[in-house]
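Printed here is entry14.txt (compact mmCIF, C-alpha atoms and all ligand atoms):
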```txt
# COMPACT_ATOMS: atom_id res chain seq x y z
CA MET F 1 -20.54 41.17 36.85
CA ALA F 2 -19.35 44.46 38.38
CA SER F 3 -15.98 45.60 37.17
CA MET F 4 -13.12 46.15 39.61
CA ARG F 5 -10.38 48.73 39.80
CA ARG F 6 -7.04 47.92 41.30
CA GLY F 7 -4.54 49.67 43.53
CA TYR F 8 -1.20 50.96 42.30
CA GLY F 9 2.21 49.54 43.01
CA THR F 10 5.41 51.26 43.97
CA LYS F 11 7.76 52.20 41.17
CA THR F 12 11.09 53.87 40.79
CA ARG F 13 10.92 56.03 37.76
CA MET F 14 11.66 59.68 37.66
CA CYS F 15 10.33 62.82 36.24
CA GLU F 16 11.75 63.62 32.84
CA ASN F 17 12.70 67.12 33.93
CA LEU F 18 13.70 66.70 37.54
CA HIS F 19 16.28 64.33 38.90
CA ARG F 20 13.97 63.28 41.63
CA PRO F 21 12.98 59.73 42.50
CA TYR F 22 9.31 59.38 41.82
CA GLN F 23 8.02 56.58 43.92
CA ARG F 24 5.54 55.61 46.60
CA GLY F 25 2.31 57.24 45.83
CA PHE F 26 0.14 57.37 42.82
CA GLY F 27 -1.05 60.74 41.63
CA ARG F 28 1.66 62.98 43.03
CA HIS F 29 3.52 65.08 40.54
CA CYS F 30 6.96 66.61 40.74
CA GLY F 31 5.72 69.86 39.31
CA CYS F 32 7.09 69.65 35.80
CA PRO F 33 4.80 70.91 33.05
CA SER F 34 2.72 68.09 31.62
CA ARG F 35 2.40 67.85 27.86
CA GLY F 36 -1.21 66.62 28.00
CA PRO F 37 -3.95 66.27 27.07
CA TYR F 38 -3.19 62.79 25.79
CA ARG F 39 -5.06 61.18 22.99
CA ARG F 40 -6.30 57.67 23.60
CA ARG F 41 -5.12 55.50 20.76
CA VAL F 42 -7.38 52.57 21.65
CA THR F 43 -11.04 53.53 21.68
CA SER F 44 -13.05 50.33 21.19
CA THR F 45 -14.70 48.78 24.24
CA GLU F 46 -13.92 45.10 24.40
CA TRP F 47 -12.88 42.89 27.34
CA LEU F 48 -9.35 41.64 26.67
CA PRO F 49 -6.78 39.56 28.54
CA TRP F 50 -4.19 41.99 29.98
CA ARG F 51 -1.43 40.52 27.83
CA VAL F 52 -3.33 41.32 24.63
CA ALA F 53 -4.42 44.75 25.84
CA MET F 54 -0.89 45.70 26.92
CA ASP F 55 0.59 44.49 23.64
CA ARG F 56 -1.83 46.58 21.57
CA ALA F 57 -1.48 49.65 23.79
CA LEU F 58 2.32 49.68 23.79
CA TYR F 59 3.26 48.13 20.44
CA GLY F 60 0.16 48.10 18.21
CA PRO F 61 -0.48 50.69 15.50
CA GLY F 62 0.00 54.08 17.18
CA GLY F 63 1.14 52.29 20.35
CA PHE F 64 2.70 54.21 23.22
CA PHE F 65 6.28 53.07 22.61
CA VAL F 66 6.26 52.86 18.82
CA ALA F 67 4.48 56.09 17.91
CA GLY F 68 5.27 58.43 20.76
CA ARG F 69 8.27 60.51 21.72
CA GLY F 70 10.04 57.50 23.24
CA PRO F 71 10.54 56.33 26.82
CA ALA F 72 12.93 59.14 27.80
CA ALA F 73 10.13 61.66 27.31
CA HIS F 74 8.09 60.03 30.07
CA PHE F 75 10.43 58.59 32.67
CA ARG F 76 14.05 58.35 33.57
CA THR F 77 15.98 55.08 33.48
CA SER F 78 19.59 54.42 34.50
CA VAL F 79 20.55 54.93 30.86
CA HIS F 80 19.30 58.51 30.94
CA ALA F 81 20.51 59.23 34.47
CA SER F 82 24.24 59.52 33.93
CA PRO F 83 27.28 58.70 31.77
CA VAL F 84 28.54 56.79 34.83
CA PHE F 85 26.13 53.96 33.92
CA VAL F 86 27.58 53.73 30.42
CA ALA F 87 31.16 53.95 31.72
CA CYS F 88 30.45 50.92 33.94
CA LEU F 89 28.91 49.03 31.03
CA LEU F 90 31.99 49.78 28.96
CA ARG F 91 34.11 48.23 31.72
CA LEU F 92 31.86 45.17 31.54
CA VAL F 93 32.28 45.08 27.75
CA GLU F 94 36.06 45.19 28.16
CA SER F 95 36.07 42.36 30.69
CA VAL F 96 33.78 40.13 28.60
CA ASP F 97 35.98 40.91 25.57
CA ARG F 98 39.04 39.68 27.51
CA ALA F 99 37.17 36.56 28.66
CA LEU F 100 36.22 35.78 25.05
CA GLY F 101 39.84 36.13 23.93
CA ARG F 102 39.24 39.39 22.02
CA PRO F 103 37.13 38.07 19.12
CA ALA F 104 37.42 39.66 15.67
CA ARG F 105 33.96 41.11 16.12
CA PHE F 106 32.51 41.97 19.56
CA GLU F 107 28.77 42.56 19.42
CA VAL F 108 26.76 44.68 21.83
CA VAL F 109 23.05 44.08 21.30
CA ASP F 110 20.67 46.40 23.20
CA VAL F 111 17.21 44.84 23.41
CA GLY F 112 14.41 47.36 23.95
CA ALA F 113 16.72 50.19 22.94
CA GLY F 114 14.29 53.12 23.31
CA ARG F 115 15.65 55.73 20.90
CA GLY F 116 19.17 54.28 20.99
CA GLU F 117 20.38 56.40 23.93
CA LEU F 118 22.56 53.68 25.46
CA LEU F 119 24.32 52.68 22.23
CA ARG F 120 24.90 56.30 21.19
CA ALA F 121 26.64 56.92 24.53
CA LEU F 122 28.53 53.61 24.39
CA SER F 123 29.75 54.39 20.90
CA LEU F 124 31.14 57.74 22.07
CA ALA F 125 32.72 56.24 25.18
CA ALA F 126 34.25 53.35 23.23
CA GLY F 127 35.89 55.87 20.92
CA GLN F 128 38.06 56.81 23.89
CA SER F 129 38.81 53.22 24.92
CA PRO F 130 41.63 51.07 23.44
CA ALA F 131 41.36 51.53 19.67
CA ALA F 132 41.52 47.80 19.04
CA LEU F 133 38.23 47.26 20.88
CA ALA F 134 36.52 50.27 19.28
CA ARG F 135 37.35 48.86 15.83
CA ARG F 136 35.93 45.43 16.70
CA LEU F 137 32.71 46.71 18.33
CA ARG F 138 29.42 46.10 16.48
CA LEU F 139 26.43 47.91 17.98
CA THR F 140 22.89 46.69 17.35
CA ALA F 141 19.68 48.21 18.70
CA VAL F 142 16.67 45.88 18.86
CA GLU F 143 13.54 47.97 19.04
CA LYS F 144 9.90 47.91 17.91
CA ALA F 145 9.90 51.66 17.29
CA PRO F 146 11.29 52.92 13.96
CA ARG F 147 14.93 53.88 13.60
CA PRO F 148 15.49 57.51 14.73
CA ALA F 149 16.53 59.73 11.82
CA ASP F 150 19.57 61.08 13.69
CA LEU F 151 20.97 57.70 14.80
CA PRO F 152 24.68 57.42 13.94
CA PRO F 153 25.27 55.04 11.02
CA GLU F 154 27.55 52.74 13.04
CA ILE F 155 24.49 51.60 15.05
CA ASP F 156 22.44 48.90 13.38
CA TRP F 157 18.67 49.02 14.08
CA ARG F 158 16.34 46.04 13.80
CA PRO F 159 13.07 44.70 15.22
CA ASP F 160 14.33 41.26 16.27
CA ILE F 161 17.30 39.87 18.19
CA PRO F 162 20.08 38.68 15.86
CA ALA F 163 21.22 35.05 16.15
CA ASP F 164 24.70 33.80 17.15
CA ILE F 165 25.78 36.83 19.17
CA THR F 166 29.37 36.88 20.36
CA GLY F 167 29.67 39.57 22.97
CA LEU F 168 27.16 41.26 25.27
CA LEU F 169 23.37 41.31 25.12
CA LEU F 170 21.86 44.10 27.23
CA ALA F 171 18.24 44.60 28.24
CA THR F 172 17.72 47.60 30.50
CA GLU F 173 14.09 48.00 31.58
CA TRP F 174 12.91 45.80 28.71
CA LEU F 175 11.34 42.89 30.58
CA ASP F 176 9.02 45.07 32.69
CA ASN F 177 7.39 46.14 29.42
CA VAL F 178 6.94 42.61 28.04
CA PRO F 179 3.14 42.15 28.14
CA LEU F 180 1.88 39.69 30.74
CA ASP F 181 -1.37 38.17 31.94
CA LEU F 182 -2.90 38.91 35.31
CA ALA F 183 -4.92 36.51 37.44
CA THR F 184 -7.44 36.76 40.25
CA PRO F 185 -8.61 34.12 42.73
CA THR F 186 -12.30 33.13 42.38
CA PRO F 187 -14.44 30.53 44.19
CA THR F 188 -13.63 28.15 41.31
CA GLY F 189 -9.87 28.75 41.32
CA TRP F 190 -7.57 31.21 39.56
CA HIS F 191 -9.00 33.01 36.54
CA TYR F 192 -7.49 35.50 34.09
CA LEU F 193 -8.34 39.14 34.61
CA LEU F 194 -9.89 40.82 31.59
CA VAL F 195 -9.58 44.57 31.09
CA ASP F 196 -11.58 47.18 29.23
CA PRO F 197 -8.82 49.06 27.37
CA THR F 198 -10.73 52.32 27.32
CA THR F 199 -11.18 52.56 31.10
CA GLY F 200 -8.83 50.05 32.77
CA ASN F 201 -11.83 48.44 34.48
CA GLU F 202 -11.37 44.73 35.10
CA ARG F 203 -13.45 41.60 35.50
CA PRO F 204 -12.62 37.91 35.88
CA GLY F 205 -12.38 35.89 32.67
CA PRO F 206 -11.77 32.20 31.95
CA PRO F 207 -9.76 29.87 34.20
CA LEU F 208 -5.97 29.79 33.80
CA THR F 209 -4.38 27.30 31.41
CA PRO F 210 -2.50 24.51 33.23
CA GLN F 211 0.85 26.15 32.27
CA ASP F 212 -0.08 29.52 33.72
CA ALA F 213 -1.63 27.92 36.83
CA HIS F 214 1.60 25.98 37.32
CA TRP F 215 3.70 29.13 36.93
CA LEU F 216 1.58 30.99 39.46
CA HIS F 217 1.63 28.24 42.05
CA HIS F 218 5.35 27.70 41.67
CA TRP F 219 6.60 31.29 41.35
CA TRP F 220 3.94 33.41 43.06
CA PRO F 221 2.68 31.31 46.00
CA GLY F 222 1.01 32.62 49.13
CA ALA F 223 -2.03 34.66 50.03
CA VAL F 224 -2.19 36.72 46.86
CA ARG F 225 -5.05 38.95 45.76
CA ARG F 226 -3.68 39.49 42.25
CA GLY F 227 -1.10 37.45 40.41
CA GLU F 228 1.11 38.70 37.59
CA ILE F 229 1.98 35.70 35.46
CA GLY F 230 5.58 36.12 34.37
CA ARG F 231 5.70 33.20 31.91
CA ALA F 232 5.84 35.55 28.88
CA ARG F 233 8.87 37.33 30.39
CA ASP F 234 10.56 33.97 31.08
CA GLU F 235 10.03 33.02 27.45
CA ALA F 236 11.26 36.39 26.17
CA TRP F 237 14.43 36.19 28.27
CA ALA F 238 15.05 32.52 27.37
CA GLY F 239 14.73 33.49 23.70
CA ALA F 240 17.21 36.34 24.12
CA VAL F 241 19.74 34.15 25.94
CA GLY F 242 19.29 31.48 23.26
CA ASN F 243 20.56 33.98 20.67
CA VAL F 244 23.88 34.42 22.46
CA ALA F 245 26.47 31.98 21.10
CA ARG F 246 29.27 33.10 23.46
CA GLY F 247 29.23 35.96 25.89
CA VAL F 248 27.03 37.41 28.61
CA ALA F 249 23.36 38.44 28.61
CA VAL F 250 22.49 41.16 31.14
CA ALA F 251 18.98 42.21 32.17
CA VAL F 252 18.64 45.29 34.39
CA ASP F 253 15.19 45.89 35.80
CA TYR F 254 13.03 46.47 38.83
CA GLY F 255 11.65 43.26 40.18
CA HIS F 256 10.99 40.90 43.05
CA LEU F 257 11.82 37.39 44.23
CA ARG F 258 9.64 34.51 45.41
CA GLY F 259 8.75 35.06 49.03
CA GLU F 260 8.59 38.85 48.61
CA ARG F 261 6.01 39.21 45.84
CA PRO F 262 3.52 42.02 46.48
CA VAL F 263 0.10 40.57 47.32
CA ASP F 264 -1.68 43.14 45.15
CA GLY F 265 0.72 43.02 42.21
CA THR F 266 2.64 45.96 40.76
CA LEU F 267 0.96 46.91 37.48
CA THR F 268 0.98 50.66 36.94
CA GLY F 269 1.24 53.39 34.32
CA TYR F 270 3.59 56.32 33.56
CA ARG F 271 3.21 59.40 31.46
CA ASP F 272 5.21 62.64 31.44
CA GLY F 273 7.19 61.70 34.53
CA ARG F 274 4.05 60.98 36.46
CA GLN F 275 2.59 57.75 37.81
CA VAL F 276 -0.89 57.26 36.35
CA PRO F 277 -3.53 54.50 36.35
CA PRO F 278 -2.56 51.65 34.00
CA VAL F 279 -5.21 52.20 31.37
CA PRO F 280 -4.12 50.23 28.26
CA ASP F 281 -5.44 52.74 25.73
CA GLY F 282 -2.08 53.73 24.24
CA SER F 283 -1.86 56.99 26.18
CA CYS F 284 0.64 55.78 28.82
CA ASP F 285 3.33 53.26 29.64
CA VAL F 286 1.93 50.10 31.25
CA THR F 287 4.50 48.17 33.27
CA ALA F 288 4.81 45.57 36.01
CA HIS F 289 7.82 44.53 38.13
CA VAL F 290 9.73 41.50 36.88
CA ALA F 291 9.83 38.15 38.70
CA MET F 292 13.62 38.15 38.38
CA ASP F 293 14.20 34.68 39.83
CA SER F 294 11.81 32.97 37.44
CA VAL F 295 13.27 34.86 34.47
CA ALA F 296 16.77 33.90 35.68
CA ALA F 297 15.86 30.22 35.95
CA ALA F 298 14.47 30.25 32.40
CA GLY F 299 17.68 31.79 31.02
CA GLU F 300 19.86 29.39 32.99
CA ARG F 301 18.05 26.39 31.48
CA VAL F 302 18.89 27.66 27.99
CA ALA F 303 22.48 28.70 28.75
CA GLY F 304 23.33 25.59 30.76
CA CYS F 305 25.39 27.62 33.24
CA ALA F 306 24.70 29.47 36.46
CA TYR F 307 23.46 33.05 36.52
CA THR F 308 24.36 35.85 38.93
CA LEU F 309 21.69 38.14 40.37
CA VAL F 310 22.81 41.28 42.23
CA SER F 311 21.47 44.73 43.00
CA GLN F 312 22.45 47.60 40.71
CA ARG F 313 24.27 49.10 43.67
CA GLU F 314 26.48 46.01 43.98
CA ALA F 315 26.97 45.74 40.22
CA LEU F 316 28.02 49.35 39.70
CA ARG F 317 30.31 49.30 42.72
CA ALA F 318 31.98 46.14 41.35
CA LEU F 319 32.39 47.92 38.02
CA GLY F 320 34.18 50.82 39.64
CA ALA F 321 31.45 53.40 40.29
CA ASP F 322 32.75 55.33 43.25
CA GLY F 323 30.15 57.41 45.08
CA GLY F 324 32.68 58.96 47.46
CA ARG F 325 32.77 62.77 47.67
CA PRO F 326 36.03 64.33 46.51
CA PRO F 327 38.30 65.69 49.27
CA LEU F 328 37.56 69.30 50.16
CA ALA F 329 41.24 70.17 49.67
CA LEU F 330 40.71 69.59 45.93
CA ALA F 331 38.26 72.52 45.84
CA SER F 332 41.03 75.08 46.41
CA ARG F 333 43.69 73.23 44.40
CA ASP F 334 41.51 72.47 41.34
CA PRO F 335 38.03 74.04 41.60
CA ALA F 336 36.87 72.79 38.19
CA GLY F 337 38.16 69.27 38.92
CA TYR F 338 36.42 69.39 42.30
CA LEU F 339 33.09 70.31 40.70
CA ARG F 340 33.45 67.54 38.12
CA ALA F 341 34.22 65.00 40.84
CA LEU F 342 31.27 66.25 42.89
CA ALA F 343 28.90 65.91 39.92
CA ALA F 344 30.17 62.37 39.25
CA ALA F 345 29.67 61.45 42.91
CA SER F 346 26.08 62.69 42.92
CA ALA F 347 25.37 60.78 39.69
CA VAL F 348 26.69 57.61 41.32
CA ALA F 349 24.58 58.31 44.38
CA GLU F 350 21.46 58.50 42.17
CA LEU F 351 22.32 55.27 40.36
CA THR F 352 23.14 53.34 43.53
CA ASP F 353 20.47 54.62 45.92
CA PRO F 354 18.97 51.39 47.33
CA ALA F 355 15.54 53.07 47.50
CA GLY F 356 15.76 54.09 43.84
CA LEU F 357 17.74 52.94 40.82
CA GLY F 358 20.29 51.17 43.04
CA GLY F 359 17.54 48.76 44.09
CA HIS F 360 17.11 47.55 40.52
CA ARG F 361 18.47 44.09 39.87
CA TRP F 362 21.18 42.99 37.46
CA LEU F 363 20.76 39.48 36.08
CA LEU F 364 24.00 38.31 34.48
CA GLN F 365 23.76 35.15 32.40
CA PRO F 366 27.05 33.85 30.96
CA VAL F 367 26.89 31.64 27.86
CA GLY F 368 29.85 29.47 26.86
CA VAL F 369 32.26 31.56 28.93
CA ALA F 370 32.89 32.08 32.65
CA LEU F 371 31.51 35.32 34.06
CA PRO F 372 34.64 37.49 34.14
CA PRO F 373 35.92 39.51 37.06
CA PRO F 374 34.83 41.90 38.45
CA MET F 375 31.32 40.39 38.16
CA ALA F 376 32.31 36.79 39.02
CA ARG F 377 31.30 35.97 42.56
C1 LIG A 401 11.15 51.10 29.24
S1 LIG A 401 11.77 51.27 27.65
C2 LIG A 401 13.53 51.08 27.99
C3 LIG A 401 14.40 51.84 27.03
C4 LIG A 401 15.91 51.76 27.34
N1 LIG A 401 16.38 50.40 27.31
C5 LIG A 401 16.25 52.40 28.66
O1 LIG A 401 16.65 51.70 29.59
O2 LIG A 401 16.13 53.62 28.78
C6 LIG A 401 11.36 49.71 26.89
C7 LIG A 401 11.62 49.69 25.41
O3 LIG A 401 11.59 48.34 24.96
C8 LIG A 401 11.00 48.29 23.69
N2 LIG A 401 10.53 46.90 23.48
C9 LIG A 401 9.69 46.21 24.25
N3 LIG A 401 9.54 44.95 23.79
C10 LIG A 401 10.33 44.85 22.70
C11 LIG A 401 10.62 43.80 21.79
N4 LIG A 401 10.08 42.57 21.92
N5 LIG A 401 11.48 44.02 20.79
C12 LIG A 401 12.05 45.24 20.66
N6 LIG A 401 11.82 46.29 21.49
C13 LIG A 401 10.97 46.10 22.51
C14 LIG A 401 9.92 49.33 23.77
O4 LIG A 401 9.48 49.76 22.49
C15 LIG A 401 10.60 50.43 24.58
O5 LIG A 401 11.25 51.34 23.73
```

Could I get this structure in the form of structure tokens?
Ligand SMILES: C[S@@+](CC[C@H](N)C(=O)[O-])C[C@H]1O[C@@H](n2cnc3c(N)ncnc32)[C@H](O)[C@@H]1O
Amino acid sequence: MASMRRGYGTKTRMCENLHRPYQRGFGRHCGCPSRGPYRRRVTSTEWLPWRVAMDRALYGPGGFFVAGRGPAAHFRTSVHASPVFVACLLRLVESVDRALGRPARFEVVDVGAGRGELLRALSLAAGQSPAALARRLRLTAVEKAPRPADLPPEIDWRPDIPADITGLLLATEWLDNVPLDLATPTPTGWHYLLVDPTTGNERPGPPLTPQDAHWLHHWWPGAVRRGEIGRARDEAWAGAVGNVARGVAVAVDYGHLRGERPVDGTLTGYRDGRQVPPVPDGSCDVTAHVAMDSVAAAGERVAGCAYTLVSQREALRALGADGGRPPLALASRDPAGYLRALAAASAVAELTDPAGLGGHRWLLQPVGVALPPPMAR
């Protein structure tokens, strides 16, 4: 059977060097110098289900995320964009700490921690917060890549999510990199798509299992030309929430809801700040938007209490990010203060832009505690 190539979805990741949204349009480049050529790490030709191919390409021996320079070398997430993001998360930490009655040990577990950027920044910021909280904070990075040599000793590093967490579990842009299967409609019903990892060419494979067919019909209905089966993400999130004993689990990611799923799917690739074809050969990131409502429902079943799903714009505003420009009068009174305030305002604007990072979704799942203000709705 002839192999098929697919179109490319819209993404919101940014060039590593330029603070410029990089979206809508495959193949355009912001102009930063590319560090290519890239070596393919997967070279054997073999038709694989996408979930297997993605897993090998990203996390197998020599995989893109475990062996390379780390996510920040290829695209920009909210974590890299500005300290404002971390300042807001610290406010969330403080409010969950209050809701938990200031436990003796408050854990922050960052799942899919990259090279530990978020926890390094949180550790620094917490050093300036009330000393009592700083002393009780325990920071744990969960990451498949090895521990960076320069990671501060106060940050624990491990490959799996610890059990019985009391505190905050964070997952920023983790779920979009959890490998998933893709499906295509055929005259005999929905079948898996198989991919050649060396080229990205695709062809239909066997019919879907009843569980995956059920997921697709329930969560991705309608006239779809390609389905992205989010069951593996649901399971990953349910597992993460299940490891929280008391506290809040927060997933921040780009995604979609039932009724607005893209008919052609969203799978795409990134390398060096550039959107590239999603060839699962280990040379690039391979990612797909997250079905946030199905993930949320899976976490809610485990937690036994209602979740909150808001845009990043709403979440950061609630946590005190103020994108307002400083008054011009400040420029003559305190020029340095004015410039600082202006820089902070433009960072907030980047993080809350509805067409960029501000359009990402925050899924907040409380466990054994009410979602504290300011996030309670
Ligand atoms: C897109 S990066 C996000 C990095 C960081 N959280 C940020 O927002 O900048 C996804 C990261 O998740 C890691 N990852 C994916 N699945 C994982 C898993 N099951 N356990 C640990 N780390 C995982 C990858 O290795 C990669 O570093």

- Task: Name all residues at most 8 Å from segment 85-89 of chain F (count only C-alpha atoms; drop same-chain ones fewer than 2 positions away) and give them as a PyMOL selection string.
- Result: chain F and resi 78-79+81-83+91-93+118+121-122+125+316+319-321+351

Set the distance at 8 Å and use only C-alpha atoms: which residues neighbour Trp219 of chain F once local chain neighbours fewer than 4 positions away are removed? I'd like the list as a short mmCIF file (atom, residue, chain, number, x, y, z; two decimals) with C-alpha atoms, in the frame of the given file.
```cif
data_model
loop_
_atom_site.label_atom_id
_atom_site.label_comp_id
_atom_site.auth_asym_id
_atom_site.auth_seq_id
_atom_site.Cartn_x
_atom_site.Cartn_y
_atom_site.Cartn_z
CA TRP F 215 3.70 29.13 36.93
CA ARG F 258 9.64 34.51 45.41
CA SER F 294 11.81 32.97 37.44
#
```

- Item | Given only C-alpha atoms and all ligand atoms as the counted atoms, nearest of F:Leu151, F:Leu48, F:Asp285, F:Gly273 to ligand LIG 401 (chain A) | F:Asp285

As a quick test: using all atoms listed in the file, which residues lie no more than 8 Å away from ligand LIG 401 (chain A)? Give them as a tab-separated table (two decimals) with C-alpha atoms, in the frame of the given file.
```tsv
chain	number	residue	atom	x	y	z
F	58	LEU	CA	2.32	49.68	23.79
F	59	TYR	CA	3.26	48.13	20.44
F	65	PHE	CA	6.28	53.07	22.61
F	66	VAL	CA	6.26	52.86	18.82
F	70	GLY	CA	10.04	57.50	23.24
F	71	PRO	CA	10.54	56.33	26.82
F	72	ALA	CA	12.93	59.14	27.80
F	76	ARG	CA	14.05	58.35	33.57
F	77	THR	CA	15.98	55.08	33.48
F	78	SER	CA	19.59	54.42	34.50
F	79	VAL	CA	20.55	54.93	30.86
F	80	HIS	CA	19.30	58.51	30.94
F	110	ASP	CA	20.67	46.40	23.20
F	111	VAL	CA	17.21	44.84	23.41
F	112	GLY	CA	14.41	47.36	23.95
F	113	ALA	CA	16.72	50.19	22.94
F	114	GLY	CA	14.29	53.12	23.31
F	115	ARG	CA	15.65	55.73	20.90
F	116	GLY	CA	19.17	54.28	20.99
F	117	GLU	CA	20.38	56.40	23.93
F	118	LEU	CA	22.56	53.68	25.46
F	142	VAL	CA	16.67	45.88	18.86
F	143	GLU	CA	13.54	47.97	19.04
F	144	LYS	CA	9.90	47.91	17.91
F	145	ALA	CA	9.90	51.66	17.29
F	159	PRO	CA	13.07	44.70	15.22
F	160	ASP	CA	14.33	41.26	16.27
F	161	ILE	CA	17.30	39.87	18.19
F	171	ALA	CA	18.24	44.60	28.24
F	172	THR	CA	17.72	47.60	30.50
F	173	GLU	CA	14.09	48.00	31.58
F	174	TRP	CA	12.91	45.80	28.71
F	175	LEU	CA	11.34	42.89	30.58
F	176	ASP	CA	9.02	45.07	32.69
F	177	ASN	CA	7.39	46.14	29.42
F	178	VAL	CA	6.94	42.61	28.04
F	236	ALA	CA	11.26	36.39	26.17
```

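The coordinates place atom CA of Asp55 of chain F at 27.5 Å from atom CA of Ala303 of chain F.
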
Got a sec to write segment 224-284 of chain F of the block to a file, C-alpha atoms, as a PDB file, in the first residue's frame?
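Final output, result-v6.pdb:
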```pdb
ATOM      1  CA  VAL F 224     -12.117  13.350  11.482  1.00  0.00           C
ATOM      2  CA  ARG F 225      -9.404  12.451   8.989  1.00  0.00           C
ATOM      3  CA  ARG F 226      -6.833  11.575  11.649  1.00  0.00           C
ATOM      4  CA  GLY F 227      -7.411  10.769  15.282  1.00  0.00           C
ATOM      5  CA  GLU F 228      -4.869  11.177  18.078  1.00  0.00           C
ATOM      6  CA  ILE F 229      -5.767   8.664  20.755  1.00  0.00           C
ATOM      7  CA  GLY F 230      -5.156  10.337  24.095  1.00  0.00           C
ATOM      8  CA  ARG F 231      -5.675   7.266  26.298  1.00  0.00           C
ATOM      9  CA  ALA F 232      -1.951   7.052  27.162  1.00  0.00           C
ATOM     10  CA  ARG F 233      -2.002  10.683  28.345  1.00  0.00           C
ATOM     11  CA  ASP F 234      -5.134  10.015  30.433  1.00  0.00           C
ATOM     12  CA  GLU F 235      -3.355   7.089  32.065  1.00  0.00           C
ATOM     13  CA  ALA F 236      -0.168   9.094  32.649  1.00  0.00           C
ATOM     14  CA  TRP F 237      -2.088  11.949  34.279  1.00  0.00           C
ATOM     15  CA  ALA F 238      -4.267   9.588  36.359  1.00  0.00           C
ATOM     16  CA  GLY F 239      -1.066   7.920  37.582  1.00  0.00           C
ATOM     17  CA  ALA F 240       0.463  11.272  38.521  1.00  0.00           C
ATOM     18  CA  VAL F 241      -2.672  12.415  40.375  1.00  0.00           C
ATOM     19  CA  GLY F 242      -2.792   9.038  42.145  1.00  0.00           C
ATOM     20  CA  ASN F 243       0.623   9.797  43.670  1.00  0.00           C
ATOM     21  CA  VAL F 244      -0.642  12.957  45.365  1.00  0.00           C
ATOM     22  CA  ALA F 245      -1.830  12.186  48.899  1.00  0.00           C
ATOM     23  CA  ARG F 246      -2.919  15.778  49.686  1.00  0.00           C
ATOM     24  CA  GLY F 247      -2.425  18.842  47.576  1.00  0.00           C
ATOM     25  CA  VAL F 248      -2.905  20.004  44.006  1.00  0.00           C
ATOM     26  CA  ALA F 249      -1.711  18.552  40.697  1.00  0.00           C
ATOM     27  CA  VAL F 250      -1.293  21.122  37.905  1.00  0.00           C
ATOM     28  CA  ALA F 251      -0.791  20.352  34.213  1.00  0.00           C
ATOM     29  CA  VAL F 252       0.035  23.257  31.895  1.00  0.00           C
ATOM     30  CA  ASP F 253      -0.052  22.464  28.208  1.00  0.00           C
ATOM     31  CA  TYR F 254      -1.386  23.293  24.787  1.00  0.00           C
ATOM     32  CA  GLY F 255      -4.490  21.347  24.007  1.00  0.00           C
ATOM     33  CA  HIS F 256      -8.059  21.169  22.794  1.00  0.00           C
ATOM     34  CA  LEU F 257     -11.526  20.198  23.986  1.00  0.00           C
ATOM     35  CA  ARG F 258     -14.176  17.897  22.527  1.00  0.00           C
ATOM     36  CA  GLY F 259     -16.079  19.775  19.861  1.00  0.00           C
ATOM     37  CA  GLU F 260     -12.993  21.719  18.756  1.00  0.00           C
ATOM     38  CA  ARG F 261     -10.572  18.910  17.894  1.00  0.00           C
ATOM     39  CA  PRO F 262      -8.636  19.554  14.681  1.00  0.00           C
ATOM     40  CA  VAL F 263      -9.859  17.223  11.925  1.00  0.00           C
ATOM     41  CA  ASP F 264      -6.309  16.533  10.736  1.00  0.00           C
ATOM     42  CA  GLY F 265      -4.719  16.168  14.169  1.00  0.00           C
ATOM     43  CA  THR F 266      -1.821  18.200  15.531  1.00  0.00           C
ATOM     44  CA  LEU F 267       1.262  15.971  15.463  1.00  0.00           C
ATOM     45  CA  THR F 268       4.384  17.936  14.574  1.00  0.00           C
ATOM     46  CA  GLY F 269       8.106  18.244  15.225  1.00  0.00           C
ATOM     47  CA  TYR F 270      10.492  20.901  16.599  1.00  0.00           C
ATOM     48  CA  ARG F 271      14.204  21.355  16.363  1.00  0.00           C
ATOM     49  CA  ASP F 272      16.372  24.428  17.003  1.00  0.00           C
ATOM     50  CA  GLY F 273      13.378  26.726  17.399  1.00  0.00           C
ATOM     51  CA  ARG F 274      11.938  25.612  14.116  1.00  0.00           C
ATOM     52  CA  GLN F 275       8.835  23.599  13.271  1.00  0.00           C
ATOM     53  CA  VAL F 276       9.855  20.507  11.293  1.00  0.00           C
ATOM     54  CA  PRO F 277       8.138  17.353   9.996  1.00  0.00           C
ATOM     55  CA  PRO F 278       7.487  14.871  12.819  1.00  0.00           C
ATOM     56  CA  VAL F 279       9.959  12.209  11.766  1.00  0.00           C
ATOM     57  CA  PRO F 280      10.457   9.888  14.784  1.00  0.00           C
ATOM     58  CA  ASP F 281      14.143   9.231  14.159  1.00  0.00           C
ATOM     59  CA  GLY F 282      15.468  10.883  17.319  1.00  0.00           C
ATOM     60  CA  SER F 283      16.546  14.060  15.546  1.00  0.00           C
ATOM     61  CA  CYS F 284      13.603  16.235  16.673  1.00  0.00           C
TER      62      CYS F 284
END
```
